[in-house]
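entry_26.cif (mmCIF, C-alpha atoms) appears below.
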data_upload
#
loop_
_atom_site.label_atom_id
_atom_site.label_comp_id
_atom_site.auth_asym_id
_atom_site.auth_seq_id
_atom_site.Cartn_x
_atom_site.Cartn_y
_atom_site.Cartn_z
CA MET A 921 93.96 112.88 81.67
CA ARG A 922 96.79 114.10 83.87
CA ILE A 923 94.55 114.01 86.97
CA LEU A 924 93.48 110.45 86.15
CA LEU A 925 97.13 109.36 85.79
CA ILE A 926 98.06 110.83 89.19
CA THR A 927 95.12 109.03 90.81
CA ILE A 928 96.13 105.68 89.30
CA ILE A 929 99.73 106.14 90.47
CA SER A 930 98.54 107.00 94.02
CA PHE A 931 96.44 103.83 94.26
CA GLY A 932 99.39 101.87 92.91
CA VAL A 933 101.65 103.19 95.67
CA LEU A 934 99.00 102.48 98.35
CA PHE A 935 98.40 98.86 97.39
CA SER A 936 102.06 98.11 96.73
CA CYS A 937 102.56 97.82 100.57
CA LYS A 938 102.77 94.33 102.03
CA LYS A 939 99.59 92.93 103.58
CA ASP A 940 101.14 92.25 106.98
CA GLU A 941 101.95 95.93 107.40
CA PHE A 942 98.24 96.65 107.76
CA SER A 943 97.12 93.71 109.88
CA ASP A 944 94.04 94.28 112.04
CA THR A 945 94.74 91.26 114.26
CA VAL A 946 94.73 92.07 118.00
CA PRO A 947 97.73 90.55 119.85
CA ASN A 948 96.81 87.74 122.23
CA PRO A 949 97.12 88.46 125.97
CA ASP A 950 99.77 86.73 128.04
CA SER A 951 98.51 83.15 127.97
CA THR A 952 101.01 82.10 130.65
CA ASN A 953 99.34 84.19 133.37
CA THR A 954 97.00 82.39 135.75
CA VAL A 955 94.23 84.23 137.53
CA PRO A 956 94.41 84.32 141.35
CA GLU A 957 92.23 82.09 143.51
CA ILE A 958 88.92 83.50 144.70
CA PRO A 959 89.23 84.83 148.29
CA ASN A 960 87.24 83.31 151.15
CA LEU A 961 85.41 85.77 153.40
CA VAL A 962 86.03 85.56 157.16
CA PHE A 963 84.37 88.46 159.00
CA PRO A 964 81.62 89.63 159.13
CA ALA A 965 80.20 86.14 158.68
CA ASP A 966 77.10 85.55 156.59
CA LYS A 967 73.85 86.53 158.33
CA GLN A 968 75.76 87.82 161.37
CA THR A 969 74.31 90.49 163.66
CA CYS A 970 76.93 93.04 164.67
CA THR A 971 76.59 95.12 167.81
CA HIS A 972 79.33 97.56 166.80
CA THR A 973 79.44 99.97 163.87
CA ASN A 974 83.23 100.02 163.55
CA LEU A 975 84.01 96.66 161.97
CA GLU A 976 87.26 95.17 160.73
CA PHE A 977 86.38 93.19 157.61
CA SER A 978 88.74 90.27 156.94
CA TRP A 979 89.23 87.59 154.30
CA GLU A 980 91.73 84.81 153.58
CA GLU A 981 94.81 85.50 151.50
CA SER A 982 94.49 84.33 147.89
CA SER A 983 97.18 82.31 146.15
CA ASP A 984 98.54 82.97 142.68
CA ALA A 985 100.25 80.28 140.58
CA ASN A 986 102.56 82.91 139.05
CA ASN A 987 103.44 84.38 142.46
CA ASP A 988 102.24 87.78 141.29
CA VAL A 989 101.72 90.56 143.80
CA LEU A 990 98.03 90.62 144.71
CA ALA A 991 95.63 93.39 145.60
CA TYR A 992 92.02 93.02 146.70
CA GLN A 993 88.89 94.84 145.63
CA VAL A 994 86.33 95.05 148.43
CA ASP A 995 82.72 96.04 147.69
CA VAL A 996 80.22 96.92 150.42
CA ALA A 997 76.66 97.92 149.58
CA LEU A 998 73.12 98.11 150.93
CA ASP A 999 71.72 95.66 148.38
CA ALA A 1000 72.73 92.29 146.96
CA SER A 1001 73.14 93.73 143.46
CA PHE A 1002 75.72 96.26 144.75
CA THR A 1003 74.00 99.32 143.32
CA THR A 1004 72.76 101.12 146.45
CA GLY A 1005 75.25 102.82 148.74
CA LEU A 1006 78.16 101.03 147.08
CA VAL A 1007 81.61 101.61 148.56
CA THR A 1008 84.63 100.08 146.77
CA ILE A 1009 88.19 100.08 148.09
CA PHE A 1010 91.46 98.48 146.97
CA THR A 1011 94.08 97.16 149.38
CA THR A 1012 97.03 94.78 149.47
CA LYS A 1013 96.08 93.66 153.00
CA THR A 1014 93.55 90.97 153.95
CA TYR A 1015 91.60 93.24 156.27
CA ARG A 1016 90.04 96.70 156.25
CA MET A 1017 88.18 98.76 158.83
CA PHE A 1018 84.76 100.15 157.85
CA THR A 1019 82.36 102.36 159.79
CA MET A 1020 78.78 101.24 159.26
CA GLN A 1021 75.41 102.81 160.00
CA LYS A 1022 73.15 101.51 162.74
CA GLY A 1023 70.17 99.31 161.92
CA LYS A 1024 71.21 98.44 158.36
CA THR A 1025 71.65 95.26 156.35
CA TYR A 1026 74.88 95.22 154.37
CA TYR A 1027 76.30 93.00 151.64
CA TRP A 1028 79.99 92.54 150.87
CA ARG A 1029 82.29 90.66 148.52
CA VAL A 1030 85.98 90.55 147.62
CA LYS A 1031 88.03 89.64 144.58
CA ALA A 1032 91.80 89.32 144.08
CA ILE A 1033 93.65 91.15 141.30
CA ASP A 1034 97.20 90.29 140.25
CA SER A 1035 99.88 92.65 138.95
CA LYS A 1036 98.85 91.85 135.36
CA GLN A 1037 95.29 93.02 136.09
CA ALA A 1038 93.85 89.50 135.96
CA ASP A 1039 91.13 89.11 138.59
CA SER A 1040 89.84 86.05 140.38
CA GLY A 1041 86.17 86.84 140.07
CA TYR A 1042 84.13 87.71 143.15
CA SER A 1043 83.81 85.67 146.29
CA VAL A 1044 80.44 84.54 147.55
CA VAL A 1045 78.39 87.43 148.92
CA HIS A 1046 77.94 87.72 152.69
CA SER A 1047 75.23 89.82 154.31
CA PHE A 1048 75.15 91.10 157.88
CA PHE A 1049 73.03 93.35 160.06
CA THR A 1050 74.00 96.17 162.41
CA GLU A 1051 71.87 96.60 165.51
CA PRO A 1052 69.84 99.82 165.69
CA ASP A 1053 71.64 100.99 168.83
CA ALA A 1054 75.26 99.90 169.01
CA VAL A 1055 75.96 98.91 172.60
CA VAL A 1056 78.95 100.03 174.61
CA ASN A 1057 81.10 96.97 175.26
CA HIS A 1058 83.71 96.83 177.98
CA ILE A 1059 86.66 94.61 177.26
CA PRO A 1060 87.31 91.72 179.67
CA ASN A 1061 89.55 92.29 182.66
CA GLN A 1062 93.18 91.36 182.19
CA PRO A 1063 93.75 87.71 183.21
CA ALA A 1064 95.37 87.18 186.60
CA ILE A 1065 97.86 84.41 187.37
CA ASN A 1066 97.05 81.74 189.94
CA SER A 1067 99.81 79.19 189.39
CA PRO A 1068 102.56 78.59 188.78
CA GLN A 1069 103.57 81.97 190.08
CA LYS A 1070 105.93 84.11 188.01
CA GLY A 1071 109.55 83.11 188.54
CA SER A 1072 108.66 80.10 190.68
CA SER A 1073 110.22 76.64 190.48
CA VAL A 1074 108.06 73.56 189.99
CA SER A 1075 108.66 69.85 189.67
CA GLY A 1076 106.96 67.05 187.81
CA GLY A 1077 106.47 66.11 184.18
CA MET A 1078 103.07 67.85 183.96
CA VAL A 1079 102.19 71.36 185.13
CA THR A 1080 98.73 72.88 185.35
CA LEU A 1081 98.52 76.47 184.19
CA ASP A 1082 95.88 78.20 186.29
CA TRP A 1083 94.49 81.71 185.80
CA SER A 1084 91.34 83.78 186.39
CA ALA A 1085 89.50 86.45 184.42
CA ALA A 1086 86.12 88.19 184.29
CA ASP A 1087 84.10 90.40 181.98
CA PRO A 1088 82.58 93.65 183.35
CA ASP A 1089 79.45 93.18 181.20
CA GLY A 1090 79.00 89.55 182.13
CA ASP A 1091 79.60 88.49 178.52
CA PRO A 1092 80.63 84.90 177.79
CA ILE A 1093 84.43 84.66 177.54
CA VAL A 1094 86.88 82.17 176.08
CA TYR A 1095 90.65 81.84 176.32
CA ASP A 1096 93.67 81.35 174.07
CA VAL A 1097 96.66 79.76 175.79
CA TYR A 1098 100.23 80.52 174.71
CA PHE A 1099 103.03 78.35 176.10
CA GLY A 1100 106.62 77.34 175.29
CA ASN A 1101 110.28 77.44 176.29
CA SER A 1102 110.95 80.59 174.26
CA THR A 1103 109.46 84.04 174.28
CA PRO A 1104 107.06 85.03 172.91
CA PRO A 1105 105.34 81.69 173.56
CA THR A 1106 103.30 79.93 170.89
CA LEU A 1107 99.56 79.26 170.71
CA VAL A 1108 98.75 75.81 172.13
CA ALA A 1109 95.00 76.07 172.78
CA GLN A 1110 92.29 78.32 171.34
CA ASP A 1111 88.80 79.36 172.43
CA ILE A 1112 88.67 77.17 175.52
CA THR A 1113 86.26 77.90 178.36
CA ALA A 1114 88.27 76.34 181.20
CA THR A 1115 90.64 78.46 183.29
CA THR A 1116 93.23 75.70 183.60
CA TYR A 1117 95.38 73.92 181.06
CA ASP A 1118 97.84 71.04 181.53
CA VAL A 1119 101.23 71.17 179.81
CA ALA A 1120 104.11 68.69 179.63
CA VAL A 1121 107.47 70.04 180.78
CA ALA A 1122 111.08 68.87 180.95
CA THR A 1123 113.40 69.22 183.94
CA ASN A 1124 115.86 72.10 184.36
CA SER A 1125 114.06 74.32 181.86
CA THR A 1126 112.42 77.74 181.75
CA TYR A 1127 108.92 78.10 180.33
CA TYR A 1128 106.87 81.12 179.32
CA TRP A 1129 103.09 81.49 179.06
CA LYS A 1130 100.33 84.02 178.63
CA ILE A 1131 96.55 84.08 178.33
CA VAL A 1132 94.32 86.01 175.90
CA VAL A 1133 90.71 86.43 177.03
CA LYS A 1134 87.97 87.28 174.50
CA ASP A 1135 84.31 88.15 174.89
CA ASP A 1136 81.57 87.57 172.30
CA LYS A 1137 81.68 91.19 171.09
CA GLN A 1138 85.29 91.21 169.89
CA GLY A 1139 86.60 92.58 173.18
CA THR A 1140 90.08 91.23 173.99
CA ALA A 1141 92.49 91.46 176.92
CA ILE A 1142 96.00 90.00 177.08
CA SER A 1143 97.96 88.99 180.15
CA PRO A 1144 101.66 89.73 180.67
CA ILE A 1145 104.08 86.96 179.75
CA TRP A 1146 104.70 84.85 182.83
CA ASN A 1147 107.53 82.39 183.38
CA PHE A 1148 108.52 79.52 185.67
CA LYS A 1149 111.36 77.04 186.00
CA THR A 1150 111.38 73.29 186.41
CA ASN A 1151 113.73 71.38 188.70
#
In structure tokens, write the structure found in this file.
Amino acid sequence: MRILLITIISFGVLFSCKKDEFSDTVPNPDSTNTVPEIPNLVFPADKQTCTHTNLEFSWEESSDANNDVLAYQVDVALDASFTTGLVTIFTTKTYRMFTMQKGKTYYWRVKAIDSKQADSGYSVVHSFFTEPDAVVNHIPNQPAINSPQKGSSVSGGMVTLDWSAADPDGDPIVYDVYFGNSTPPTLVAQDITATTYDVAVATNSTYYWKIVVKDDKQGTAISPIWNFKTN
């Protein structure tokens, strides 16, 4: 009888607690947090053939409505299901260098993750192929100035920037033109094939310009910054 009385008292103490002290409800996550935007892949492009095995992968920066700090998860694998040869890295940058094997097809994707661990979901998947024998590529020769010569004085409301460049391998090359009245000059033309470019100028001013030459295998050469004056 004494044992039974103790048991009844114990149950009475247990169930005398308020219900909300033993709630099994899981707190809701922060409903004010917005997931980041899905990143857009830049390089390697989808279905691209790469002649080099050292590749700098790049993607566009994602935006976040809460202005959270973002990191990126990058997955590279040998199959579209990302199960074979999977490599995963995390970075706060929008680029990452990878060393690939020759003669392989690779698949890659990226997702953004904010500081509250909310992720954007994966980007579209891009595939690319590395050539069996990566070729040795020589970068283009540094562009040479034709006119106006450095430090020269010119007249007229329009000036033609004139330069020359070549590629040791005979690869197709294109040019980026930087021009302005401050240094460093700003980009005014991109991926042009001509070796001249017309710019409008004002009198009694100093202008600065440079040329970046690029081949079709990511080889790049940059000229010095040249300058001229107008009278």
Go ahead and compute the interatomic distance for atom CA of Ser1047 of chain A and atom CA of Thr1014 of chain A, in Å to one decimal.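 Calculated distance between atom CA of Ser1047 of chain A and atom CA of Thr1014 of chain A is 18.4 Å.
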Once the PyMOL selection byres ((chain A and resi 1106-1116) around 12) has been evaluated on this model, what residues remain selected, and can you format them as a ChimeraX atom specification? /A:1063-1068,1079-1086,1092-1105,1117-1120,1127-1136,1145
Within 12 Å of file point (80.0, 95.6, 180.1), counting all atoms listed in the file, expressed as a CSV table (one decimal) with C-alpha atoms, in the coordinates of the input:
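Result file selection_12.csv:
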chain,number,residue,atom,x,y,z
A,1055,VAL,CA,76.0,98.9,172.6
A,1056,VAL,CA,79.0,100.0,174.6
A,1057,ASN,CA,81.1,97.0,175.3
A,1058,HIS,CA,83.7,96.8,178.0
A,1059,ILE,CA,86.7,94.6,177.3
A,1060,PRO,CA,87.3,91.7,179.7
A,1061,ASN,CA,89.6,92.3,182.7
A,1086,ALA,CA,86.1,88.2,184.3
A,1087,ASP,CA,84.1,90.4,182.0
A,1088,PRO,CA,82.6,93.6,183.4
A,1089,ASP,CA,79.4,93.2,181.2
A,1090,GLY,CA,79.0,89.6,182.1
A,1091,ASP,CA,79.6,88.5,178.5
A,1092,PRO,CA,80.6,84.9,177.8
A,1135,ASP,CA,84.3,88.2,174.9
A,1136,ASP,CA,81.6,87.6,172.3
A,1137,LYS,CA,81.7,91.2,171.1
A,1139,GLY,CA,86.6,92.6,173.2
Point-to-point distance in Å for atom CA of Ala1038 of chain A and atom CA of Lys1013 of chain A: 17.7 Å
A:Thr1012, A:Ser983, A:Thr1025, A:Thr1004 ranked by distance to Thr969 of chain A, top pick (using only C-alpha atoms): A:Thr1025
Closest of A:Gln1021, A:Thr1011, A:Asn1147, A:Gln1062 to Thr971 of chain A - atom-to-atom distances counting only C-alpha atoms: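 Of A:Gln1021, A:Thr1011, A:Asn1147, A:Gln1062, the one nearest Thr971 of chain A is A:Gln1021, counting only C-alpha atoms.
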Evaluate the PyMOL selection byres ((chain A and resi 1005-1009) around 9) against this structure - the residues, as a ChimeraX atom specification, please. /A:992-999,1002-1004,1010-1011
A straight line from atom CA of Thr1050 of chain A to atom CA of Phe1018 of chain A spans 12.3 Å
